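A.B. asks: My file is run24.cif. It has mmCIF, C-alpha atoms and all ligand atoms:
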```cif
data_entry
loop_
_atom_site.label_atom_id
_atom_site.label_comp_id
_atom_site.auth_asym_id
_atom_site.auth_seq_id
_atom_site.Cartn_x
_atom_site.Cartn_y
_atom_site.Cartn_z
CA THR A 1 -67.91 1.73 -67.28
CA GLY A 2 -68.60 0.20 -63.86
CA PRO A 3 -66.14 -1.63 -61.66
CA GLY A 4 -64.50 -4.79 -62.97
CA PRO A 5 -61.28 -6.69 -62.41
CA LEU A 6 -59.44 -3.56 -63.53
CA ALA A 7 -60.86 -2.04 -60.36
CA GLY A 8 -60.25 -5.24 -58.40
CA MET A 9 -63.80 -6.73 -58.53
CA GLN A 10 -64.74 -9.89 -60.42
CA PRO A 11 -68.46 -10.74 -60.66
CA ALA A 12 -69.36 -14.46 -60.40
CA ALA A 13 -69.51 -16.37 -63.73
CA ARG A 14 -73.06 -17.01 -64.99
CA PRO A 15 -73.97 -20.28 -66.67
CA MET A 16 -74.72 -20.15 -70.41
CA PRO A 17 -77.10 -20.43 -72.11
CA MET A 18 -79.59 -18.23 -70.26
CA GLU A 19 -83.23 -19.27 -70.48
CA ARG A 20 -86.22 -17.51 -72.00
CA ALA A 21 -89.39 -17.07 -69.96
CA CYS A 22 -91.52 -17.54 -73.09
CA PRO A 23 -90.82 -18.38 -76.75
CA PHE A 24 -90.52 -14.77 -77.91
CA SER A 25 -88.89 -13.14 -74.92
CA ALA A 26 -85.14 -12.67 -74.61
CA PRO A 27 -83.64 -14.10 -71.40
CA GLU A 28 -84.66 -11.75 -68.58
CA GLU A 29 -81.05 -11.44 -67.30
CA PHE A 30 -79.95 -9.56 -70.42
CA ARG A 31 -81.75 -6.39 -69.32
CA THR A 32 -79.92 -6.27 -65.98
CA LEU A 33 -76.62 -7.19 -67.59
CA ARG A 34 -76.93 -4.37 -70.15
CA GLU A 35 -77.54 -1.92 -67.33
CA GLU A 36 -75.15 -3.22 -64.70
CA GLU A 37 -72.57 -5.66 -66.09
CA PRO A 38 -72.34 -5.13 -69.86
CA VAL A 39 -69.27 -7.38 -70.10
CA THR A 40 -69.74 -10.30 -67.73
CA PRO A 41 -67.94 -13.61 -67.07
CA VAL A 42 -69.83 -16.75 -68.13
CA THR A 43 -69.40 -20.53 -68.07
CA PHE A 44 -70.31 -22.55 -71.19
CA PRO A 45 -72.09 -25.92 -71.02
CA ASP A 46 -68.76 -27.71 -71.61
CA GLY A 47 -67.32 -26.00 -68.54
CA ALA A 48 -65.17 -23.53 -70.48
CA LYS A 49 -65.10 -19.93 -69.29
CA GLY A 50 -65.56 -16.77 -71.30
CA TRP A 51 -67.24 -13.39 -71.47
CA LEU A 52 -70.70 -12.24 -72.53
CA VAL A 53 -71.13 -8.84 -74.17
CA SER A 54 -74.72 -7.58 -74.00
CA ARG A 55 -74.96 -3.94 -75.11
CA TYR A 56 -75.71 -3.01 -78.73
CA ALA A 57 -72.69 -0.67 -78.99
CA ASP A 58 -70.29 -3.19 -77.39
CA VAL A 59 -71.52 -6.03 -79.62
CA ARG A 60 -70.73 -3.90 -82.67
CA ALA A 61 -67.39 -2.92 -81.16
CA VAL A 62 -66.36 -6.58 -80.65
CA LEU A 63 -67.46 -7.54 -84.16
CA THR A 64 -65.42 -4.77 -85.81
CA ASP A 65 -62.32 -4.98 -83.58
CA PRO A 66 -59.45 -6.90 -85.27
CA ARG A 67 -58.17 -7.79 -81.79
CA PHE A 68 -61.02 -10.32 -81.67
CA GLY A 69 -60.56 -13.25 -84.07
CA ALA A 70 -63.26 -15.48 -85.52
CA ASN A 71 -61.37 -18.78 -85.29
CA ARG A 72 -62.78 -21.05 -82.64
CA ARG A 73 -63.16 -24.79 -82.39
CA LEU A 74 -65.81 -26.22 -84.61
CA LEU A 75 -68.97 -24.72 -83.10
CA ARG A 76 -68.57 -25.70 -79.45
CA ALA A 77 -65.41 -23.80 -78.71
CA GLY A 78 -63.40 -24.73 -75.70
CA ASP A 79 -61.44 -21.91 -74.16
CA PRO A 80 -57.77 -22.31 -75.10
CA ALA A 81 -56.81 -20.41 -71.97
CA GLN A 82 -58.43 -23.22 -69.96
CA ASP A 83 -56.68 -26.29 -71.32
CA GLY A 84 -53.66 -24.80 -73.00
CA ALA A 85 -54.40 -26.47 -76.34
CA PRO A 86 -53.94 -24.11 -79.28
CA LEU A 87 -56.86 -23.63 -81.67
CA PRO A 88 -56.61 -25.90 -84.69
CA PRO A 89 -56.68 -24.07 -88.03
CA PRO A 90 -60.19 -23.65 -89.53
CA PRO A 91 -61.14 -26.43 -91.98
CA PRO A 92 -60.39 -25.52 -95.65
CA GLY A 93 -62.92 -23.02 -97.03
CA MET A 94 -64.65 -22.47 -93.67
CA PHE A 95 -64.15 -18.70 -93.97
CA ILE A 96 -66.68 -17.86 -91.25
CA MET A 97 -63.89 -18.98 -88.88
CA MET A 98 -61.08 -17.06 -90.59
CA ASP A 99 -59.67 -13.58 -90.05
CA PRO A 100 -58.40 -11.12 -92.68
CA PRO A 101 -56.40 -11.39 -94.86
CA GLU A 102 -57.23 -15.11 -95.24
CA HIS A 103 -60.95 -14.39 -94.84
CA THR A 104 -60.83 -11.61 -97.43
CA ARG A 105 -59.68 -13.97 -100.18
CA PHE A 106 -62.87 -16.04 -99.85
CA ARG A 107 -65.19 -13.17 -99.09
CA ARG A 108 -64.16 -11.32 -102.29
CA LEU A 109 -64.79 -14.37 -104.42
CA LEU A 110 -68.27 -14.72 -102.95
CA THR A 111 -69.58 -11.17 -102.73
CA GLY A 112 -69.62 -11.14 -106.54
CA GLN A 113 -72.04 -14.09 -106.41
CA PHE A 114 -74.42 -12.55 -103.85
CA THR A 115 -75.18 -9.08 -105.20
CA VAL A 116 -78.48 -7.34 -104.38
CA ARG A 117 -79.18 -7.29 -108.13
CA ARG A 118 -78.67 -11.00 -108.58
CA MET A 119 -80.87 -11.75 -105.57
CA GLN A 120 -83.61 -9.46 -106.82
CA LYS A 121 -83.44 -11.10 -110.22
CA LEU A 122 -84.07 -14.39 -108.45
CA ALA A 123 -87.27 -13.04 -106.89
CA PRO A 124 -89.70 -14.21 -109.64
CA ALA A 125 -88.30 -17.76 -109.48
CA ILE A 126 -88.61 -17.72 -105.69
CA GLU A 127 -92.19 -16.42 -105.91
CA ARG A 128 -93.01 -19.27 -108.28
CA ILE A 129 -91.58 -21.87 -105.88
CA VAL A 130 -93.56 -20.27 -103.05
CA ALA A 131 -96.80 -20.31 -105.08
CA GLU A 132 -96.35 -23.99 -106.00
CA HIS A 133 -95.87 -24.96 -102.38
CA LEU A 134 -98.89 -22.95 -101.27
CA ASP A 135 -100.97 -24.63 -104.03
CA ALA A 136 -99.92 -28.02 -102.72
CA MET A 137 -100.73 -26.95 -99.18
CA ALA A 138 -104.17 -25.65 -100.18
CA ALA A 139 -104.90 -28.91 -102.00
CA ALA A 140 -104.13 -30.88 -98.83
CA GLU A 141 -106.39 -30.79 -95.79
CA GLY A 142 -105.04 -29.01 -92.71
CA PRO A 143 -103.51 -29.41 -90.26
CA VAL A 144 -100.03 -29.55 -91.76
CA ASP A 145 -96.54 -29.03 -90.37
CA LEU A 146 -95.72 -25.66 -91.95
CA LEU A 147 -91.99 -26.21 -91.41
CA ARG A 148 -91.96 -29.44 -93.44
CA VAL A 149 -94.34 -28.46 -96.24
CA PHE A 150 -93.34 -24.82 -96.69
CA ALA A 151 -90.71 -23.09 -94.55
CA LEU A 152 -87.91 -25.64 -95.09
CA PRO A 153 -88.44 -26.54 -98.79
CA ILE A 154 -88.36 -22.91 -100.02
CA PRO A 155 -84.81 -21.97 -98.92
CA SER A 156 -83.55 -25.55 -99.48
CA LEU A 157 -84.72 -25.50 -103.10
CA VAL A 158 -83.31 -22.03 -103.68
CA ILE A 159 -79.86 -22.70 -102.20
CA CYS A 160 -79.64 -26.04 -104.04
CA GLU A 161 -80.45 -24.27 -107.29
CA LEU A 162 -77.96 -21.47 -106.63
CA LEU A 163 -75.13 -23.77 -105.60
CA GLY A 164 -75.83 -26.55 -108.06
CA VAL A 165 -76.59 -29.23 -105.44
CA PRO A 166 -79.28 -31.79 -106.41
CA TYR A 167 -82.42 -31.16 -104.30
CA ALA A 168 -82.80 -34.94 -104.14
CA ASP A 169 -79.83 -34.92 -101.72
CA ARG A 170 -81.74 -32.81 -99.20
CA GLU A 171 -82.44 -35.52 -96.64
CA GLN A 172 -78.73 -36.14 -96.21
CA PHE A 173 -77.67 -32.50 -95.84
CA GLN A 174 -80.66 -31.53 -93.71
CA GLN A 175 -79.87 -34.37 -91.31
CA ASN A 176 -76.22 -33.36 -91.06
CA ALA A 177 -77.20 -29.72 -90.53
CA GLY A 178 -79.47 -30.85 -87.69
CA ARG A 179 -76.58 -32.78 -86.09
CA LEU A 180 -74.15 -29.89 -86.47
CA LEU A 181 -76.40 -27.27 -84.95
CA ARG A 182 -77.44 -29.12 -81.76
CA ILE A 183 -75.99 -27.30 -78.76
CA ASP A 184 -75.25 -30.54 -76.93
CA ALA A 185 -73.58 -32.33 -79.87
CA SER A 186 -70.13 -33.55 -78.90
CA GLN A 187 -67.07 -32.27 -80.70
CA GLU A 188 -66.88 -35.65 -82.40
CA GLU A 189 -70.50 -35.65 -83.62
CA ALA A 190 -70.16 -32.11 -84.96
CA LEU A 191 -66.98 -33.06 -86.76
CA GLN A 192 -68.59 -36.17 -88.29
CA ALA A 193 -71.58 -34.18 -89.58
CA HIS A 194 -69.26 -31.52 -90.94
CA THR A 195 -67.07 -34.10 -92.69
CA ALA A 196 -70.12 -35.78 -94.25
CA MET A 197 -71.36 -32.46 -95.65
CA ASN A 198 -67.91 -31.66 -96.98
CA GLN A 199 -67.48 -35.04 -98.68
CA HIS A 200 -70.83 -34.63 -100.38
CA ILE A 201 -69.93 -31.20 -101.80
CA HIS A 202 -66.41 -32.35 -102.63
CA GLN A 203 -67.79 -35.04 -104.95
CA LEU A 204 -70.00 -32.44 -106.63
CA ALA A 205 -67.08 -30.02 -107.02
CA VAL A 206 -64.96 -32.69 -108.69
CA ALA A 207 -67.83 -33.48 -111.07
CA LYS A 208 -68.30 -29.78 -111.87
CA ARG A 209 -64.65 -29.38 -112.68
CA ALA A 210 -65.19 -31.95 -115.45
CA HIS A 211 -68.66 -30.68 -116.49
CA PRO A 212 -69.34 -27.12 -115.28
CA THR A 213 -72.94 -25.89 -115.07
CA ASP A 214 -74.40 -22.44 -114.42
CA ASP A 215 -74.18 -22.32 -110.62
CA ILE A 216 -72.00 -21.06 -107.78
CA LEU A 217 -70.05 -24.30 -107.24
CA SER A 218 -69.11 -24.36 -110.93
CA GLY A 219 -68.23 -20.65 -110.76
CA LEU A 220 -65.94 -21.26 -107.77
CA VAL A 221 -64.25 -24.25 -109.43
CA GLN A 222 -63.77 -22.28 -112.66
CA SER A 223 -62.31 -19.28 -110.85
CA GLU A 224 -59.18 -21.44 -110.45
CA GLN A 225 -58.50 -19.69 -107.15
CA LEU A 226 -59.61 -22.45 -104.79
CA THR A 227 -58.67 -26.07 -104.30
CA ASP A 228 -61.47 -28.64 -104.50
CA GLU A 229 -61.20 -29.00 -100.69
CA GLU A 230 -61.75 -25.26 -100.31
CA VAL A 231 -64.69 -25.28 -102.74
CA ALA A 232 -66.17 -28.13 -100.68
CA GLY A 233 -65.76 -26.15 -97.44
CA VAL A 234 -67.30 -23.00 -98.91
CA GLY A 235 -70.13 -25.01 -100.47
CA ALA A 236 -70.91 -26.84 -97.22
CA LEU A 237 -70.95 -23.53 -95.33
CA LEU A 238 -73.30 -21.93 -97.87
CA LEU A 239 -75.57 -24.95 -97.91
CA LEU A 240 -75.79 -25.02 -94.12
CA ALA A 241 -76.16 -21.27 -93.62
CA GLY A 242 -78.43 -20.91 -96.64
CA HIS A 243 -81.31 -23.14 -95.64
CA GLU A 244 -81.40 -23.62 -91.84
CA THR A 245 -81.51 -19.92 -90.99
CA THR A 246 -84.12 -18.74 -93.50
CA ALA A 247 -86.33 -21.79 -92.89
CA ASN A 248 -86.44 -21.00 -89.20
CA MET A 249 -87.13 -17.32 -89.82
CA ILE A 250 -90.09 -18.21 -92.04
CA ALA A 251 -91.58 -20.71 -89.58
CA LEU A 252 -90.85 -18.74 -86.40
CA GLY A 253 -91.89 -15.48 -88.12
CA THR A 254 -95.23 -17.06 -89.01
CA MET A 255 -95.79 -18.28 -85.47
CA CYS A 256 -94.82 -14.89 -84.10
CA LEU A 257 -97.30 -13.08 -86.36
CA LEU A 258 -100.06 -15.56 -85.43
CA ARG A 259 -99.32 -14.85 -81.74
CA ASN A 260 -99.47 -11.07 -82.40
CA PRO A 261 -102.80 -10.79 -84.24
CA GLY A 262 -102.88 -6.97 -84.10
CA GLN A 263 -99.55 -6.79 -85.92
CA LEU A 264 -100.63 -9.43 -88.43
CA ALA A 265 -103.87 -7.49 -89.13
CA ALA A 266 -101.86 -4.29 -89.70
CA LEU A 267 -99.62 -6.13 -92.15
CA ARG A 268 -102.58 -7.62 -94.03
CA ALA A 269 -104.23 -4.20 -94.23
CA ASP A 270 -101.09 -2.55 -95.61
CA PRO A 271 -98.71 -4.85 -97.51
CA ALA A 272 -96.33 -1.89 -97.92
CA LEU A 273 -95.35 -2.57 -94.31
CA MET A 274 -93.81 -5.92 -95.30
CA ASP A 275 -90.21 -4.76 -95.84
CA GLY A 276 -90.16 -3.10 -92.41
CA ALA A 277 -91.92 -6.10 -90.87
CA ILE A 278 -89.18 -8.44 -92.15
CA GLU A 279 -86.50 -6.27 -90.48
CA GLU A 280 -88.55 -6.15 -87.29
CA LEU A 281 -89.02 -9.93 -87.24
CA LEU A 282 -85.28 -10.39 -87.82
CA ARG A 283 -84.52 -8.06 -84.90
CA TYR A 284 -87.20 -9.33 -82.56
CA LEU A 285 -86.55 -13.03 -83.15
CA THR A 286 -82.72 -12.93 -83.60
CA ILE A 287 -82.49 -16.63 -84.43
CA VAL A 288 -78.67 -16.79 -84.01
CA GLN A 289 -79.77 -17.08 -80.42
CA TYR A 290 -76.57 -17.86 -78.54
CA GLY A 291 -74.57 -15.04 -80.09
CA LEU A 292 -71.32 -14.90 -82.03
CA ARG A 293 -68.11 -16.28 -80.56
CA ARG A 294 -64.80 -14.54 -80.91
CA VAL A 295 -61.39 -15.12 -79.36
CA ALA A 296 -59.28 -12.26 -77.96
CA LEU A 297 -56.00 -12.23 -79.90
CA GLU A 298 -54.39 -9.92 -77.33
CA ASP A 299 -55.43 -8.40 -73.99
CA VAL A 300 -58.40 -6.08 -74.57
CA GLU A 301 -60.14 -3.76 -72.16
CA LEU A 302 -63.89 -3.63 -72.74
CA GLY A 303 -66.71 -2.35 -70.55
CA GLY A 304 -64.35 -1.95 -67.60
CA GLN A 305 -63.13 -5.57 -67.84
CA LEU A 306 -59.78 -6.93 -68.87
CA ILE A 307 -60.32 -9.67 -71.44
CA GLU A 308 -57.13 -11.68 -71.59
CA ALA A 309 -55.54 -12.93 -74.81
CA GLY A 310 -57.01 -16.35 -75.65
CA ALA A 311 -60.33 -15.79 -73.86
CA THR A 312 -63.63 -16.53 -75.62
CA VAL A 313 -66.08 -13.66 -76.00
CA VAL A 314 -69.73 -14.05 -76.95
CA ALA A 315 -71.28 -11.03 -78.63
CA SER A 316 -74.99 -11.45 -77.84
CA LEU A 317 -77.01 -10.46 -80.90
CA THR A 318 -80.21 -11.24 -78.98
CA SER A 319 -79.36 -8.84 -76.19
CA GLY A 320 -77.99 -6.11 -78.48
CA ASN A 321 -81.19 -6.28 -80.52
CA ARG A 322 -83.27 -5.52 -77.39
CA ASP A 323 -81.13 -2.59 -76.25
CA ALA A 324 -83.38 0.40 -75.51
CA THR A 325 -80.48 2.82 -75.87
CA HIS A 326 -80.46 1.98 -79.60
CA PHE A 327 -84.06 0.98 -80.48
CA SER A 328 -86.82 3.48 -79.80
CA GLY A 329 -90.14 2.58 -78.17
CA ASP A 330 -90.30 -0.80 -76.43
CA PRO A 331 -87.64 -3.13 -77.92
CA ASP A 332 -89.32 -6.08 -76.16
CA ALA A 333 -92.45 -5.61 -78.28
CA LEU A 334 -92.99 -6.64 -81.90
CA ASP A 335 -93.87 -3.51 -83.87
CA VAL A 336 -94.07 -3.98 -87.65
CA SER A 337 -94.27 -0.18 -88.07
CA ARG A 338 -91.10 0.48 -86.04
CA PRO A 339 -88.87 3.08 -87.74
CA TYR A 340 -85.82 1.26 -89.16
CA SER A 341 -82.66 1.26 -87.16
CA PRO A 342 -79.79 -1.10 -88.06
CA HIS A 343 -80.17 -4.40 -86.18
CA LEU A 344 -77.68 -7.17 -85.45
CA ALA A 345 -79.57 -10.24 -86.70
CA PHE A 346 -77.11 -10.68 -89.58
CA GLY A 347 -74.09 -9.88 -87.42
CA HIS A 348 -71.78 -6.94 -88.08
CA GLY A 349 -68.29 -6.25 -89.42
CA VAL A 350 -66.30 -8.33 -91.90
CA HIS A 351 -68.34 -11.50 -91.34
CA GLN A 352 -71.75 -9.83 -91.69
CA CYS A 353 -74.06 -12.30 -93.40
CA ILE A 354 -73.27 -12.72 -97.07
CA GLY A 355 -76.72 -14.19 -97.79
CA GLN A 356 -78.77 -11.44 -96.18
CA GLN A 357 -80.28 -10.09 -99.41
CA LEU A 358 -81.26 -13.58 -100.45
CA ALA A 359 -82.77 -14.22 -97.01
CA ARG A 360 -84.81 -11.00 -97.27
CA VAL A 361 -86.12 -11.86 -100.74
CA GLU A 362 -87.09 -15.37 -99.56
CA MET A 363 -88.75 -14.20 -96.35
CA LYS A 364 -90.72 -11.51 -98.15
CA ALA A 365 -91.93 -13.86 -100.89
CA ALA A 366 -92.86 -16.57 -98.39
CA LEU A 367 -94.57 -14.50 -95.69
CA SER A 368 -96.44 -12.16 -98.08
CA ALA A 369 -97.91 -14.99 -100.10
CA LEU A 370 -98.69 -17.14 -97.05
CA ILE A 371 -100.72 -14.53 -95.19
CA GLU A 372 -102.52 -13.43 -98.36
CA ARG A 373 -103.38 -16.93 -99.49
CA PHE A 374 -104.51 -18.24 -96.07
CA PRO A 375 -106.50 -15.47 -94.34
CA THR A 376 -107.70 -17.90 -91.64
CA LEU A 377 -104.29 -19.48 -90.95
CA ARG A 378 -103.94 -20.45 -87.28
CA LEU A 379 -101.96 -22.75 -84.99
CA ALA A 380 -103.43 -26.25 -84.88
CA VAL A 381 -102.17 -26.88 -81.32
CA PRO A 382 -101.95 -24.65 -78.23
CA ALA A 383 -98.90 -22.38 -78.54
CA ASP A 384 -97.21 -23.99 -75.53
CA GLN A 385 -97.22 -27.32 -77.36
CA VAL A 386 -95.14 -26.04 -80.28
CA PRO A 387 -91.67 -27.59 -79.81
CA MET A 388 -89.17 -24.72 -79.70
CA ARG A 389 -85.50 -25.01 -80.74
CA ASP A 390 -83.90 -24.07 -77.42
CA ASP A 391 -81.55 -26.99 -78.04
CA MET A 392 -80.17 -25.64 -81.33
CA LEU A 393 -77.73 -22.85 -82.19
CA ILE A 394 -80.35 -21.47 -84.59
CA TYR A 395 -83.64 -20.73 -82.83
CA GLY A 396 -87.04 -21.58 -84.32
CA VAL A 397 -89.54 -24.43 -84.14
CA HIS A 398 -88.99 -28.16 -84.62
CA LYS A 399 -92.54 -28.36 -86.02
CA LEU A 400 -95.32 -25.86 -86.66
CA PRO A 401 -98.74 -27.51 -86.86
CA VAL A 402 -101.12 -25.06 -88.57
CA THR A 403 -104.59 -25.20 -90.07
CA TRP A 404 -106.91 -22.73 -91.86
C1 LIG A 501 -72.80 -15.07 -91.70
C2 LIG A 501 -77.30 -14.75 -89.87
C3 LIG A 501 -79.13 -16.35 -94.09
C4 LIG A 501 -74.64 -17.37 -95.57
C5 LIG A 501 -73.88 -14.80 -90.87
C6 LIG A 501 -73.75 -14.18 -89.57
C7 LIG A 501 -75.01 -14.11 -89.04
C8 LIG A 501 -75.93 -14.67 -90.03
C9 LIG A 501 -75.40 -13.57 -87.69
C10 LIG A 501 -72.45 -13.69 -88.93
C11 LIG A 501 -71.61 -14.82 -88.38
C12 LIG A 501 -70.35 -14.37 -87.68
O1 LIG A 501 -70.03 -13.18 -87.67
O2 LIG A 501 -69.67 -15.21 -87.08
C13 LIG A 501 -78.19 -15.16 -90.86
C14 LIG A 501 -79.63 -15.12 -90.73
C15 LIG A 501 -80.15 -15.57 -91.92
C16 LIG A 501 -79.02 -15.88 -92.79
C17 LIG A 501 -80.40 -14.65 -89.52
C18 LIG A 501 -81.58 -15.73 -92.38
C19 LIG A 501 -82.58 -15.05 -91.97
C20 LIG A 501 -78.08 -16.74 -94.86
C21 LIG A 501 -78.19 -17.26 -96.22
C22 LIG A 501 -76.91 -17.57 -96.62
C23 LIG A 501 -76.02 -17.22 -95.54
C24 LIG A 501 -79.48 -17.42 -96.99
C25 LIG A 501 -76.39 -18.15 -97.91
C26 LIG A 501 -76.96 -18.21 -98.99
C27 LIG A 501 -73.78 -16.86 -94.64
C28 LIG A 501 -72.32 -16.96 -94.74
C29 LIG A 501 -71.79 -16.29 -93.62
C30 LIG A 501 -72.93 -15.80 -92.87
C31 LIG A 501 -71.55 -17.66 -95.84
C32 LIG A 501 -70.30 -16.12 -93.28
C33 LIG A 501 -69.82 -14.80 -93.81
C34 LIG A 501 -68.38 -14.50 -93.46
O3 LIG A 501 -67.81 -15.14 -92.58
O4 LIG A 501 -67.81 -13.59 -94.08
N1 LIG A 501 -75.21 -15.06 -91.13
N2 LIG A 501 -77.86 -15.64 -92.09
N3 LIG A 501 -76.76 -16.72 -94.50
N4 LIG A 501 -74.09 -16.15 -93.51
FE1 LIG A 501 -75.98 -15.80 -92.86
#
```
Would you put the structure from the file into structure tokens?
C.D. replies:
Amino acid sequence: TGPGPLAGMQPAARPMPMERACPFSAPEEFRTLREEEPVTPVTFPDGAKGWLVSRYADVRAVLTDPRFGANRRLLRAGDPAQDGAPLPPPPPGMFIMMDPPEHTRFRRLLTGQFTVRRMQKLAPAIERIVAEHLDAMAAAEGPVDLLRVFALPIPSLVICELLGVPYADREQFQQNAGRLLRIDASQEEALQAHTAMNQHIHQLAVAKRAHPTDDILSGLVQSEQLTDEEVAGVGALLLLAGHETTANMIALGTMCLLRNPGQLAALRADPALMDGAIEELLRYLTIVQYGLRRVALEDVELGGQLIEAGATVVASLTSGNRDATHFSGDPDALDVSRPYSPHLAFGHGVHQCIGQQLARVEMKAALSALIERFPTLRLAVPADQVPMRDDMLIYGVHKLPVTW
């Protein structure tokens, strides 16, 4: 729809990333883009050019279309069409950057490990970890940094337990995750952090081959279908994806509820709203804030534009999740009673988040217990002094000072 280069018109490229007016608003430009230029040319911070896709339906179309591949350079993709350099192959086991059928080999091995049943069976253990951390918090005097004492330890402990990574190693992997996810990290820094995470898991995988335990790393080693390098890559990906995302959802979700006291009161009055509230927070906050990158494997026409083979396309989950043609009512408002409609926070298509059930179980356990246990919970600093993660690929807070 609308004129594009196919009709001889090329709109000017917009710089990425686009800025938010306030911590919980999506960049204002997305609304206009959805209405007027749903597939628009953009320039990335490294100068590379690409396309931004902003409508809900188009985001889903890109993420299910095999003509768009998931391989891109480690995190900060350059556009191969710009410098002529071919994309290097994804690192071993990094299946988030692979396409079928290579991707399918890994995905099959892992879906068996992440069933809804297994995640639900984990719920009591997760609730216990949550309760212990809230006990410790209650025993301390406020204010505390909720990210450090609560939101980060819960998913870190759980993913360490699931994978079979010693929790004592957390400082190292949390630091590397922080280096990997900075939007201004150089290619070299990202690669270094990635290599360090891989080496760490590789050592564990080798040890588990000799002495298997009851965890996912041991399961992968014992499956005899992956090399130790591949197990290390898969493990590093799970470790990274498994704690950074959920931790930020718990902390940012808490801040968001505190900033929407009417919604928080409704949730406290009727805990049955919690499942819907989790989906709404996922939609409204969409922490994978700069969207999902894909590369056109052949020329594709989308939204009236010709996307040439080799071009980078960003499917904006944030924009798609605010699309009023898909979400009823006001998509720019947080509404914990909103009727469910599938959102894009976990992506879509073959790469849709493998840990989503686990993330839901963790978020529900953490947020339910937190708001019940601390009825007077509040920010300990003015909201505009909470440091937001605009500088990271995963949105959230760098710190959340709270008291009660
Ligand atoms: C994939 C979001 C929690 C593991 C994804 C994708 C998104 C996402 C948007 C799609 C990436 C793409 O298509 O390129 C989230 C959010 C989370 C969360 C918002 C928390 C609220 C988790 C957890 C784990 C996990 C807890 C692991 C235990 C993965 C993996 C993939 C993935 C391995 C790659 C799947 C594939 O390529 O087939 N996630 N995630 N995520 N996520 Fe999550």
A.B. asks: Using all atoms listed in the file, determine which residues fall within 7 Å of ligand LIG 501 (chain A), then list them as an mmCIF file with C-alpha atoms, in the coordinates of the input.
C.D. replies:
```cif
data_model
loop_
_atom_site.group_PDB
_atom_site.id
_atom_site.type_symbol
_atom_site.label_atom_id
_atom_site.label_comp_id
_atom_site.auth_asym_id
_atom_site.auth_seq_id
_atom_site.Cartn_x
_atom_site.Cartn_y
_atom_site.Cartn_z
ATOM 1 C CA ALA A 70 -63.260 -15.480 -85.520
ATOM 2 C CA PHE A 95 -64.150 -18.700 -93.970
ATOM 3 C CA ILE A 96 -66.680 -17.860 -91.250
ATOM 4 C CA MET A 97 -63.890 -18.980 -88.880
ATOM 5 C CA HIS A 103 -60.950 -14.390 -94.840
ATOM 6 C CA ARG A 107 -65.190 -13.170 -99.090
ATOM 7 C CA ILE A 159 -79.860 -22.700 -102.200
ATOM 8 C CA LEU A 237 -70.950 -23.530 -95.330
ATOM 9 C CA LEU A 238 -73.300 -21.930 -97.870
ATOM 10 C CA LEU A 239 -75.570 -24.950 -97.910
ATOM 11 C CA ALA A 241 -76.160 -21.270 -93.620
ATOM 12 C CA GLY A 242 -78.430 -20.910 -96.640
ATOM 13 C CA HIS A 243 -81.310 -23.140 -95.640
ATOM 14 C CA THR A 245 -81.510 -19.920 -90.990
ATOM 15 C CA THR A 246 -84.120 -18.740 -93.500
ATOM 16 C CA MET A 249 -87.130 -17.320 -89.820
ATOM 17 C CA LEU A 282 -85.280 -10.390 -87.820
ATOM 18 C CA THR A 286 -82.720 -12.930 -83.600
ATOM 19 C CA ILE A 287 -82.490 -16.630 -84.430
ATOM 20 C CA VAL A 288 -78.670 -16.790 -84.010
ATOM 21 C CA LEU A 292 -71.320 -14.900 -82.030
ATOM 22 C CA ARG A 293 -68.110 -16.280 -80.560
ATOM 23 C CA ALA A 345 -79.570 -10.240 -86.700
ATOM 24 C CA PHE A 346 -77.110 -10.680 -89.580
ATOM 25 C CA GLY A 347 -74.090 -9.880 -87.420
ATOM 26 C CA HIS A 348 -71.780 -6.940 -88.080
ATOM 27 C CA VAL A 350 -66.300 -8.330 -91.900
ATOM 28 C CA HIS A 351 -68.340 -11.500 -91.340
ATOM 29 C CA GLN A 352 -71.750 -9.830 -91.690
ATOM 30 C CA CYS A 353 -74.060 -12.300 -93.400
ATOM 31 C CA ILE A 354 -73.270 -12.720 -97.070
ATOM 32 C CA GLY A 355 -76.720 -14.190 -97.790
ATOM 33 C CA GLN A 356 -78.770 -11.440 -96.180
ATOM 34 C CA LEU A 358 -81.260 -13.580 -100.450
ATOM 35 C CA ALA A 359 -82.770 -14.220 -97.010
#
```
A.B. asks: Which value, in Å to one decimal, gives the distance between atom CA of A:Gln203 and atom CA of A:Ala232?
C.D. replies: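 Result for atom CA of A:Gln203 versus atom CA of A:Ala232: 8.3 Å, one decimal.
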A.B. asks: I want to know what sits within 12 Å of A:Ala247, based on all atoms listed in the file, with residues of the same chain fewer than 6 positions away left out; could you give that as a PyMOL selection string?
C.D. replies: chain A and resi 146-159+174+240-241+253-254+287+359-360+362-363+366-367+394-400
A.B. asks: Taking 3 positions as the minimum chain separation for residues in the same chain, which residues sit within 9 Å of A:Thr403 when counting only C-alpha atoms? Answer as a count of residues only.
C.D. replies: 10
A.B. asks: Kindly indicate which residue among A:Val116, A:Pro401, A:Thr104, A:Leu370 lies nearest to A:Gln385, using only C-alpha atoms for the distances.
C.D. replies: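 Checking each of A:Val116, A:Pro401, A:Thr104, A:Leu370 against A:Gln385, counting only C-alpha atoms, the winner is A:Pro401.
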A.B. asks: Go through A:Ala311, A:Ala365, A:Ala131, A:Gly69 one by one, measure the shortest atom-to-atom distance of each to A:Thr43 using only C-alpha atoms, and give the residue with the smallest value.
C.D. replies: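 Distance minimum relative to A:Thr43 lands on A:Ala311.
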A.B. asks: Using only C-alpha atoms, which residue out of A:Gln192, A:Val402, A:Ala138, A:Leu297 lies closest to A:Arg373?
C.D. replies: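 Result for the nearest residue to A:Arg373: A:Ala138.
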